[in-house]
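Enquirer: Below are the structure tokens for one structure; questions will follow.
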Amino acid sequence: AAHPVIVLPTIHRLPEMGIPQVCVLGRSNVGKSSLINALVHGKEIARPSEVPGRTRHLFVFDIGREISLVDLPGYGPAHKVSEKLRQDWEELVKVYLKRSKSLQRVICLVDSYRGLRRDDERLWETVMDSGRQMMVVLTKADRCHPVDLHKNVSEVIAALQHLDKDLIWPYVHAISAEHDLGLRELRASLSILSRRGAKLLQ
């Protein structure tokens, strides 16, 4: 079930139904919508914005009333969005991380083809400041040569060493939503958060 979209002025309407939530964050075009759809076996519940980086909406999808996937807006390149839009995005993320009573884990996406960016690390800092558990997932692994993928995963792992280990999921996932690579393992790590701890997404 999908709930009405949430924007910053209506964040107080964020549904709290006692269902564990997992939210997904990442740059525009990182493959966030593709990942969410792949987690539910290709059902098109999340759709990318027609203008990457310019959406300010938050979407909540309940999966069998056992777990909710929360789609937060992707942050676009600074030169392509206004300062006001970027500030609204940052505030929406911070308020959501602070207010959600059901949030169990934050998935931060990194484009494995482009590698780790400073914007990604700033996002990690925001999640760390909120005290939420963070998991890093590299997307589009099929577009990377294995050597480059190994290099980029190693770079992510090295960057995570400087953060609070109590808040970091200990495994960095690399996936391809298009080719169903790594999704079984990712679904398994998320299923343990569901109300029954069942293999809900598998």
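Each chain of the structure tokens is named A, B, ... in the order shown, its residues numbered from 1; ligands are numbered from 1 in display order.
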List every residue of stretch 49-193 of chain A that DSSP, applied to the backbone of this structure, places in strand (DSSP E or B), and write the result as a PyMOL selection string.
Expert: chain A and resi 58-63+67-71+75+103-111+134-139+168+173-174+176+181
Enquirer: For the selection you just gave me, I'd like the residues written to a file as a short mmCIF file (atom, residue, chain, number, x, y, z; two decimals), in the first residue's frame, keeping N, CA, C and O atoms.
Expert:
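Printed below is again21.cif as written:
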```cif
data_model
loop_
_atom_site.label_atom_id
_atom_site.label_comp_id
_atom_site.auth_asym_id
_atom_site.auth_seq_id
_atom_site.Cartn_x
_atom_site.Cartn_y
_atom_site.Cartn_z
N LEU A 58 8.39 12.73 -0.31
CA LEU A 58 8.73 11.51 0.40
C LEU A 58 7.57 10.54 0.18
O LEU A 58 6.41 10.90 0.36
N PHE A 59 7.90 9.31 -0.21
CA PHE A 59 6.88 8.30 -0.47
C PHE A 59 7.07 7.12 0.48
O PHE A 59 8.21 6.71 0.74
N VAL A 60 5.97 6.59 1.01
CA VAL A 60 6.02 5.45 1.93
C VAL A 60 5.23 4.29 1.31
O VAL A 60 4.07 4.45 0.94
N PHE A 61 5.88 3.13 1.20
CA PHE A 61 5.25 1.94 0.64
C PHE A 61 5.25 0.83 1.69
O PHE A 61 6.31 0.39 2.12
N ASP A 62 4.06 0.38 2.09
CA ASP A 62 3.94 -0.73 3.03
C ASP A 62 3.95 -2.05 2.26
O ASP A 62 3.18 -2.21 1.31
N ILE A 63 4.79 -2.97 2.69
CA ILE A 63 4.89 -4.28 2.05
C ILE A 63 4.26 -5.32 2.98
O ILE A 63 4.86 -5.71 3.98
N ILE A 67 6.67 -4.44 6.69
CA ILE A 67 7.80 -3.52 6.61
C ILE A 67 7.45 -2.42 5.61
O ILE A 67 6.68 -2.65 4.67
N SER A 68 7.95 -1.22 5.83
CA SER A 68 7.71 -0.11 4.92
C SER A 68 9.02 0.33 4.28
O SER A 68 10.05 0.43 4.95
N LEU A 69 8.96 0.59 2.98
CA LEU A 69 10.08 1.18 2.27
C LEU A 69 9.77 2.66 2.07
O LEU A 69 8.71 3.00 1.55
N VAL A 70 10.67 3.51 2.49
CA VAL A 70 10.47 4.96 2.40
C VAL A 70 11.42 5.52 1.35
O VAL A 70 12.65 5.37 1.47
N ASP A 71 10.85 6.13 0.34
CA ASP A 71 11.61 6.68 -0.79
C ASP A 71 11.79 8.17 -0.55
O ASP A 71 10.84 8.95 -0.69
N TYR A 75 19.18 13.77 -4.16
CA TYR A 75 19.79 15.10 -4.19
C TYR A 75 20.56 15.27 -5.49
O TYR A 75 21.34 14.42 -5.90
N LEU A 103 11.59 4.03 12.05
CA LEU A 103 12.74 3.84 11.18
C LEU A 103 13.78 2.93 11.83
O LEU A 103 14.26 3.19 12.93
N GLN A 104 14.11 1.84 11.13
CA GLN A 104 15.06 0.86 11.64
C GLN A 104 16.42 0.94 10.95
O GLN A 104 17.44 0.58 11.53
N ARG A 105 16.43 1.39 9.70
CA ARG A 105 17.70 1.41 8.97
C ARG A 105 17.63 2.41 7.82
O ARG A 105 16.57 2.58 7.22
N VAL A 106 18.76 3.04 7.55
CA VAL A 106 18.86 3.98 6.43
C VAL A 106 19.80 3.36 5.39
O VAL A 106 20.95 3.04 5.69
N ILE A 107 19.29 3.18 4.17
CA ILE A 107 20.12 2.68 3.08
C ILE A 107 20.64 3.87 2.29
O ILE A 107 19.87 4.64 1.72
N CYS A 108 21.95 4.04 2.27
CA CYS A 108 22.58 5.11 1.50
C CYS A 108 23.19 4.51 0.24
O CYS A 108 24.02 3.59 0.32
N LEU A 109 22.77 5.01 -0.90
CA LEU A 109 23.20 4.45 -2.18
C LEU A 109 24.39 5.21 -2.74
O LEU A 109 24.47 6.44 -2.64
N VAL A 110 25.31 4.46 -3.34
CA VAL A 110 26.47 5.02 -4.02
C VAL A 110 26.52 4.41 -5.41
O VAL A 110 26.37 3.19 -5.57
N ASP A 111 26.69 5.24 -6.42
CA ASP A 111 26.81 4.76 -7.80
C ASP A 111 28.17 4.09 -7.97
O ASP A 111 29.20 4.75 -7.91
N MET A 134 22.98 2.83 9.59
CA MET A 134 23.18 3.09 8.17
C MET A 134 23.78 1.88 7.46
O MET A 134 24.68 1.23 7.97
N MET A 135 23.25 1.61 6.29
CA MET A 135 23.76 0.57 5.41
C MET A 135 24.14 1.23 4.08
O MET A 135 23.39 2.05 3.56
N VAL A 136 25.29 0.88 3.53
CA VAL A 136 25.71 1.42 2.25
C VAL A 136 25.54 0.35 1.17
O VAL A 136 25.97 -0.79 1.34
N VAL A 137 24.89 0.75 0.07
CA VAL A 137 24.67 -0.15 -1.05
C VAL A 137 25.20 0.52 -2.32
O VAL A 137 24.82 1.65 -2.62
N LEU A 138 26.06 -0.17 -3.03
CA LEU A 138 26.54 0.32 -4.32
C LEU A 138 25.63 -0.21 -5.42
O LEU A 138 25.39 -1.42 -5.49
N THR A 139 25.14 0.68 -6.25
CA THR A 139 24.23 0.31 -7.32
C THR A 139 24.96 0.19 -8.66
O THR A 139 26.12 0.57 -8.79
N ILE A 168 26.88 1.44 11.89
CA ILE A 168 27.12 1.01 10.52
C ILE A 168 26.77 -0.46 10.34
O ILE A 168 27.27 -1.31 11.09
N HIS A 173 26.91 -3.78 0.48
CA HIS A 173 26.30 -4.53 -0.61
C HIS A 173 26.61 -3.87 -1.95
O HIS A 173 26.64 -2.64 -2.05
N ALA A 174 26.83 -4.67 -2.97
CA ALA A 174 26.95 -4.19 -4.34
C ALA A 174 25.89 -4.94 -5.16
O ALA A 174 25.86 -6.17 -5.15
N SER A 176 22.95 -5.03 -8.69
CA SER A 176 22.45 -4.56 -9.98
C SER A 176 20.96 -4.85 -10.02
O SER A 176 20.56 -6.01 -10.03
N LEU A 181 21.49 -8.83 -9.49
CA LEU A 181 22.74 -9.23 -8.83
C LEU A 181 22.80 -8.66 -7.42
O LEU A 181 22.58 -7.47 -7.21
#
```
Enquirer: Using only C-alpha atoms, which residues sit within 12 Å of A:Val30 once same-chain residues fewer than 2 positions away are excluded, as a PyMOL selection string?
Expert: chain A and resi 24-28+32-36+48+52-53+73-77+108-117+120+137-141+175-177
Enquirer: To test your reading of the structure, identify every residue in stretch 77-178 of chain A that backbone DSSP assigns to helix (DSSP H, G or I), and report it as a VMD selection string.
Expert: chain A and resid 78 to 80 83 to 99 118 to 130 141 to 143 146 to 160 165 to 167
Enquirer: Go through A:Ala38, A:Ser194, A:Lys151, A:Leu97 one by one, measure the shortest atom-to-atom distance of each to A:Arg65 using only C-alpha atoms, and give the residue with the smallest value.
Expert: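 Between A:Ala38, A:Ser194, A:Lys151, A:Leu97, the residue approaching A:Arg65 most closely is A:Ser194.
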Enquirer: Find the residue from A:His145, A:Ser130, A:Lys94, A:Ile157 that sits nearest to A:Tyr171; use only C-alpha atoms when measuring.
Expert: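 Checking each of A:His145, A:Ser130, A:Lys94, A:Ile157 against A:Tyr171, counting only C-alpha atoms, the winner is A:Ile157.
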Enquirer: Could you jot down the atom CA of A:Leu39 to atom CA of A:Arg86 separation for me, Å, one decimal place?
Expert: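 The value is 27.9 Å.
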